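Below is query13.pdb, which holds PDB, C-alpha atoms.
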ATOM      1  CA  MET Q   1      58.385  69.531 130.763
ATOM      2  CA  LEU Q   2      57.653  68.368 127.237
ATOM      3  CA  GLY Q   3      58.367  64.684 127.743
ATOM      4  CA  PRO Q   4      60.026  62.066 125.539
ATOM      5  CA  MET Q   5      58.410  63.190 122.279
ATOM      6  CA  ALA Q   6      60.124  66.579 122.420
ATOM      7  CA  LYS Q   7      63.264  67.275 120.434
ATOM      8  CA  THR Q   8      64.579  70.806 120.747
ATOM      9  CA  GLY Q   9      64.211  72.956 117.639
ATOM     10  CA  THR Q  10      62.339  70.336 115.601
ATOM     11  CA  PRO Q  11      58.759  69.927 114.343
ATOM     12  CA  THR Q  12      58.460  67.145 116.927
ATOM     13  CA  GLN Q  13      58.846  69.694 119.707
ATOM     14  CA  GLY Q  14      56.431  72.058 117.972
ATOM     15  CA  LEU Q  15      53.863  69.269 117.793
ATOM     16  CA  ARG Q  16      54.035  68.602 121.514
ATOM     17  CA  GLU Q  17      53.827  72.318 122.293
ATOM     18  CA  ALA Q  18      50.770  72.677 120.021
ATOM     19  CA  ILE Q  19      49.088  69.797 121.859
ATOM     20  CA  GLU Q  20      49.918  71.465 125.179
ATOM     21  CA  ARG Q  21      48.493  74.803 123.982
ATOM     22  CA  SER Q  22      45.228  73.183 122.943
ATOM     23  CA  GLY Q  23      44.653  72.433 126.628
ATOM     24  CA  TYR Q  24      42.596  69.375 125.753
ATOM     25  CA  TYR Q  25      43.843  66.449 127.852
ATOM     26  CA  PRO Q  26      47.379  67.088 126.537
ATOM     27  CA  ALA Q  27      48.979  64.149 128.352
ATOM     28  CA  LEU Q  28      46.436  61.709 126.895
ATOM     29  CA  VAL Q  29      46.583  63.149 123.371
ATOM     30  CA  ALA Q  30      50.386  63.392 123.333
ATOM     31  CA  GLU Q  31      50.814  59.813 124.537
ATOM     32  CA  ALA Q  32      48.541  58.466 121.795
ATOM     33  CA  VAL Q  33      50.261  60.505 119.086
ATOM     34  CA  GLU Q  34      53.725  59.614 120.375
ATOM     35  CA  ALA Q  35      52.906  55.900 120.281
ATOM     36  CA  ALA Q  36      51.696  56.191 116.676
ATOM     37  CA  VAL Q  37      54.671  58.263 115.494
ATOM     38  CA  GLY Q  38      57.202  55.949 117.118
ATOM     39  CA  GLY Q  39      60.792  56.868 116.389
ATOM     40  CA  GLU Q  40      60.142  58.635 113.075
ATOM     41  CA  PRO Q  41      60.969  62.335 112.788
ATOM     42  CA  VAL Q  42      57.940  64.585 112.339
ATOM     43  CA  SER Q  43      57.880  66.477 109.031
ATOM     44  CA  ASP Q  44      54.751  68.554 109.652
ATOM     45  CA  TYR Q  45      51.639  68.579 111.832
ATOM     46  CA  LEU Q  46      48.286  70.222 112.468
ATOM     47  CA  VAL Q  47      46.383  70.330 115.768
ATOM     48  CA  HIS Q  48      42.714  71.321 115.595
ATOM     49  CA  GLN Q  49      40.241  71.550 118.458
ATOM     50  CA  GLU Q  50      36.497  71.766 117.934
ATOM     51  CA  THR Q  51      33.836  72.512 120.545
ATOM     52  CA  THR Q  52      30.249  71.418 119.952
ATOM     53  CA  PHE Q  53      27.079  71.981 121.940
ATOM     54  CA  ASP Q  54      24.784  68.983 122.393
ATOM     55  CA  SER Q  55      21.591  69.825 124.313
ATOM     56  CA  ASN Q  56      22.883  71.018 127.681
ATOM     57  CA  GLU Q  57      26.350  69.561 127.206
ATOM     58  CA  VAL Q  58      29.537  71.040 125.824
ATOM     59  CA  ARG Q  59      31.758  68.515 124.094
ATOM     60  CA  ARG Q  60      35.249  68.959 122.778
ATOM     61  CA  HIS Q  61      37.038  67.098 120.033
ATOM     62  CA  VAL Q  62      40.663  67.371 119.005
ATOM     63  CA  THR Q  63      42.196  66.137 115.760
ATOM     64  CA  VAL Q  64      45.954  65.807 115.366
ATOM     65  CA  LEU Q  65      47.409  65.240 111.898
ATOM     66  CA  VAL Q  66      51.062  64.266 111.597
ATOM     67  CA  LEU Q  67      53.299  63.770 108.579
ATOM     68  CA  THR Q  68      56.467  61.702 108.618
ATOM     69  CA  GLN Q  69      58.551  60.726 105.615
ATOM     70  CA  SER Q  70      56.600  57.485 105.230
ATOM     71  CA  ARG Q  71      53.231  57.900 106.961
ATOM     72  CA  PHE Q  72      50.197  60.107 107.501
ATOM     73  CA  ILE Q  73      48.959  59.763 111.085
ATOM     74  CA  VAL Q  74      45.474  60.779 112.200
ATOM     75  CA  SER Q  75      44.506  61.010 115.862
ATOM     76  CA  HIS Q  76      41.027  61.793 117.198
ATOM     77  CA  THR Q  77      40.143  62.382 120.849
ATOM     78  CA  ASP Q  78      36.567  62.921 122.045
ATOM     79  CA  GLU Q  79      35.121  63.476 125.473
ATOM     80  CA  GLN Q  80      31.883  61.749 126.399
ATOM     81  CA  ALA Q  81      29.360  62.346 129.141
ATOM     82  CA  ALA Q  82      28.548  59.640 131.667
ATOM     83  CA  ASP Q  83      26.291  56.981 130.191
ATOM     84  CA  SER Q  84      25.164  53.404 130.712
ATOM     85  CA  THR Q  85      28.708  52.140 130.161
ATOM     86  CA  SER Q  86      30.437  54.570 132.523
ATOM     87  CA  PRO Q  87      29.172  56.388 135.621
ATOM     88  CA  THR Q  88      31.681  59.203 135.049
ATOM     89  CA  PRO Q  89      32.627  61.302 132.003
ATOM     90  CA  TYR Q  90      35.343  59.735 129.856
ATOM     91  CA  ALA Q  91      37.442  60.319 126.749
ATOM     92  CA  THR Q  92      38.180  58.094 123.773
ATOM     93  CA  THR Q  93      41.307  58.368 121.655
ATOM     94  CA  SER Q  94      41.975  56.660 118.335
ATOM     95  CA  THR Q  95      44.921  56.806 115.961
ATOM     96  CA  GLU Q  96      45.331  55.610 112.402
ATOM     97  CA  SER Q  97      48.611  55.301 110.551
ATOM     98  CA  VAL Q  98      48.431  55.412 106.749
ATOM     99  CA  LYS Q  99      51.298  54.741 104.353
ATOM    100  CA  LEU Q 100      51.789  57.743 102.089
ATOM    101  CA  SER Q 101      51.618  55.481  99.043
ATOM    102  CA  ARG Q 102      48.017  54.613  99.976
ATOM    103  CA  ILE Q 103      46.756  58.203  99.860
ATOM    104  CA  SER Q 104      44.739  58.580  96.675
ATOM    105  CA  SER Q 105      43.500  62.163  96.962
ATOM    106  CA  VAL Q 106      44.185  65.405  98.807
ATOM    107  CA  VAL Q 107      41.467  68.017  98.296
ATOM    108  CA  LEU Q 108      41.674  71.540  99.690
ATOM    109  CA  SER Q 109      38.551  73.703  99.398
ATOM    110  CA  ARG Q 110      38.807  77.432 100.084
ATOM    111  CA  VAL Q 111      35.994  79.850 100.904
ATOM    112  CA  VAL Q 112      36.880  83.435 100.006
ATOM    113  CA  ALA Q 113      34.823  86.538 100.770
ATOM    114  CA  ASN Q 114      34.318  89.180  98.051
ATOM    115  CA  PRO Q 115      35.976  87.152  95.278
ATOM    116  CA  GLU Q 116      35.668  90.038  92.799
ATOM    117  CA  SER Q 117      38.263  91.974  94.787
ATOM    118  CA  TYR Q 118      40.419  89.008  95.798
ATOM    119  CA  THR Q 119      44.149  89.667  96.071
ATOM    120  CA  PRO Q 120      46.599  86.742  95.830
ATOM    121  CA  GLY Q 121      47.860  85.845  99.273
ATOM    122  CA  THR Q 122      44.675  86.901 101.070
ATOM    123  CA  LEU Q 123      43.713  84.411 103.753
ATOM    124  CA  PRO Q 124      40.555  82.390 102.943
ATOM    125  CA  ARG Q 125      37.588  82.738 105.276
ATOM    126  CA  GLU Q 126      37.678  78.986 105.776
ATOM    127  CA  VAL Q 127      39.325  75.893 104.345
ATOM    128  CA  VAL Q 128      38.249  72.258 104.218
ATOM    129  CA  LEU Q 129      40.925  69.585 103.905
ATOM    130  CA  THR Q 130      39.682  66.231 102.603
ATOM    131  CA  VAL Q 131      42.036  63.255 102.398
ATOM    132  CA  GLY Q 132      41.182  59.862 100.931
ATOM    133  CA  TRP Q 133      43.068  56.580 101.195
ATOM    134  CA  GLY Q 134      40.350  54.035 100.480
ATOM    135  CA  ALA Q 135      39.216  53.079 103.965
ATOM    136  CA  VAL Q 136      35.948  55.021 103.614
ATOM    137  CA  SER Q 137      34.199  55.852 100.339
ATOM    138  CA  ARG Q 138      31.137  57.981  99.649
ATOM    139  CA  LEU Q 139      28.821  56.661  96.935
ATOM    140  CA  ASP Q 140      26.669  59.258  95.162
ATOM    141  CA  MET Q 141      23.824  57.709  93.155
ATOM    142  CA  GLU Q 142      21.329  59.236  90.741
ATOM    143  CA  PRO Q 143      18.888  57.903  88.139
ATOM    144  CA  ALA Q 144      20.573  57.222  84.797
ATOM    145  CA  SER Q 145      19.181  58.741  81.610
ATOM    146  CA  CYS Q 146      19.634  58.300  77.875
ATOM    147  CA  GLY Q 147      19.607  61.992  77.010
ATOM    148  CA  ASP Q 148      16.111  61.973  75.531
ATOM    149  CA  PRO Q 149      13.951  64.365  77.616
ATOM    150  CA  ASN Q 150      10.792  62.517  76.506
ATOM    151  CA  CYS Q 151      12.062  59.032  77.361
ATOM    152  CA  GLU Q 152      10.243  57.406  80.277
ATOM    153  CA  ALA Q 153      12.165  54.114  80.289
ATOM    154  CA  ASP Q 154      13.960  52.938  83.407
ATOM    155  CA  HIS Q 155      17.699  53.168  82.761
ATOM    156  CA  GLY Q 156      18.735  52.148  86.263
ATOM    157  CA  TYR Q 157      21.150  54.204  88.283
ATOM    158  CA  THR Q 158      24.553  55.727  87.807
ATOM    159  CA  GLY Q 159      26.923  56.875  90.489
ATOM    160  CA  SER Q 160      30.405  57.797  91.517
ATOM    161  CA  SER Q 161      32.560  56.678  94.405
ATOM    162  CA  THR Q 162      34.667  59.267  96.213
ATOM    163  CA  ALA Q 163      37.312  58.564  98.841
ATOM    164  CA  ASP Q 164      36.346  60.540 101.937
ATOM    165  CA  ASP Q 165      38.331  59.191 104.880
ATOM    166  CA  LEU Q 166      39.085  62.515 106.558
ATOM    167  CA  SER Q 167      37.409  65.904 106.272
ATOM    168  CA  LEU Q 168      38.641  68.766 108.444
ATOM    169  CA  ARG Q 169      37.103  72.252 108.396
ATOM    170  CA  VAL Q 170      39.019  75.242 109.745
ATOM    171  CA  SER Q 171      37.587  78.765 109.764
ATOM    172  CA  GLU Q 172      39.038  82.162 110.548
ATOM    173  CA  ALA Q 173      36.020  83.077 112.679
ATOM    174  CA  GLY Q 174      35.991  79.885 114.728
ATOM    175  CA  ASP Q 175      39.673  78.944 114.888
ATOM    176  CA  GLY Q 176      41.586  82.136 114.168
ATOM    177  CA  PRO Q 177      43.726  83.197 111.204
ATOM    178  CA  GLU Q 178      46.854  81.414 112.433
ATOM    179  CA  THR Q 179      45.094  78.036 112.436
ATOM    180  CA  VAL Q 180      43.875  78.684 108.887
ATOM    181  CA  ARG Q 181      47.464  79.440 107.838
ATOM    182  CA  GLN Q 182      48.655  76.248 109.510
ATOM    183  CA  ALA Q 183      45.964  74.234 107.720
ATOM    184  CA  LEU Q 184      47.031  75.684 104.357
ATOM    185  CA  ALA Q 185      50.686  74.938 105.074
ATOM    186  CA  PHE Q 186      49.916  71.386 106.190
ATOM    187  CA  ALA Q 187      47.796  70.739 103.089
ATOM    188  CA  LYS Q 188      50.692  71.925 100.926
ATOM    189  CA  SER Q 189      53.146  69.660 102.752
ATOM    190  CA  LEU Q 190      50.777  66.704 102.439
ATOM    191  CA  SER Q 191      50.266  67.269  98.710
ATOM    192  CA  GLU Q 192      53.995  67.572  98.106
ATOM    193  CA  ILE Q 193      55.028  64.525 100.105
ATOM    194  CA  THR Q 194      52.306  62.279  98.667
ATOM    195  CA  SER Q 195      53.322  63.255  95.136
ATOM    196  CA  GLN Q 196      56.816  61.996  95.948
ATOM    197  CA  ALA Q 197      55.632  58.755  97.539
ATOM    198  CA  SER Q 198      56.208  55.703  95.394
ATOM    199  CA  GLY Q 199      55.276  52.058  95.501
ATOM    200  CA  PRO Q 200      51.980  50.171  95.123
ATOM    201  CA  ALA Q 201      49.091  50.880  97.466
ATOM    202  CA  ALA Q 202      48.949  48.474 100.374
TER     203      ALA Q 202
END
Rewrite the coordinates I just gave you, this time as structure tokens.
Amino acid sequence: MLGPMAKTGTPTQGLREAIERSGYYPALVAEAVEAAVGGEPVSDYLVHQETTFDSNEVRRHVTVLVLTQSRFIVSHTDEQAADSTSPTPYATTSTESVKLSRISSVVLSRVVANPESYTPGTLPREVVLTVGWGAVSRLDMEPASCGDPNCEADHGYTGSSTADDLSLRVSEAGDGPETVRQALAFAKSLSEITSQASGPAA
């Protein structure tokens, strides 16, 4: 049974089914996503699970990205081993809801094998989706110069600030070609819907 978030034949149903297929605490993940989405129809979504190895432990992480007509919703769920705060393993889930008008950049990086023989439509080996909305910025600094290679004066520093709130890497080898296709489709939907969003950033 898909539960209250499911609506037959809609992206909302597909989202719940994708969460179920991930097999990663689906009831917990679905409840968190459902609460964030509320009553809005789902326009598009992407579910990505990542497994990491930390010493002798295997940890899983799932990211769920959801688009509605007004918001971009990000959900992260991590499992943690028992520690000083909990005698048993536990999971943490967080969700963030961002107005589309706040999104300042959508960057999609593609890695393609044998670029000299690339054919349009060929699936990239991996893609990295980076979305910025101003909550987190990366500051890259470097010594400033005046252009004179013989100048030894101190010109201070120069730098650039880049919005880097979300970065999601999907690879054909690690996630499968279908997940790469879904990531490309979601990035396209996100770019299109943010270009249509209007109003001042909140």
(request) Kindly indicate which residue among Q:Val106, Q:Val111, Q:Leu166, Q:Ala153 lies nearest to Ile193 (chain Q), using all atoms listed in the file for the distances. (result) Q:Val106
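Evaluated on this file, the PyMOL selection byres ((chain Q and resi 60) around 9) matches Tyr24, Gln49, Glu50, Thr51, Thr52, Phe53, Val58, Arg59, His61, Val62, Thr77, Asp78, Glu79 and Gln80 of chain Q.
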(message) List the spatial neighbours of Ala36 (chain Q) as number ranges by chain - criterion: any atom at most 12 Å away, all atoms listed in the file, same-chain residues fewer than 2 positions off excluded.
(response) Q: 5, 29-34, 38-42, 64-68, 71-75, 93-98
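As for CA of Thr12 (chain Q) and CA of Tyr90 (chain Q), they are spaced 27.5 Å apart.
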(request) For region 176-180 of chain Q, please output as an NGL selection string all residues within 12 Å (counting only C-alpha atoms; exclusion window: fewer than 2 positions along the same chain). (result) :Q and (18 or 22 or 45-50 or 108-111 or 122-129 or 168-174 or 182-187)
(request) Quick one: pull the distance between CA of Glu57 (chain Q) and CA of Ala91 (chain Q), Å, one decimal. (result) 14.4 Å
(request) Report as number ranges by chain the full result of the PyMOL selection byres ((chain Q and resi 192) around 12) when it is applied to this structure. (result) Q: 43-44, 67, 69, 100, 103, 105-106, 185-191, 193-197
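Between CA of Trp133 (chain Q) and CA of Ser104 (chain Q) there is a distance of 5.2 Å.
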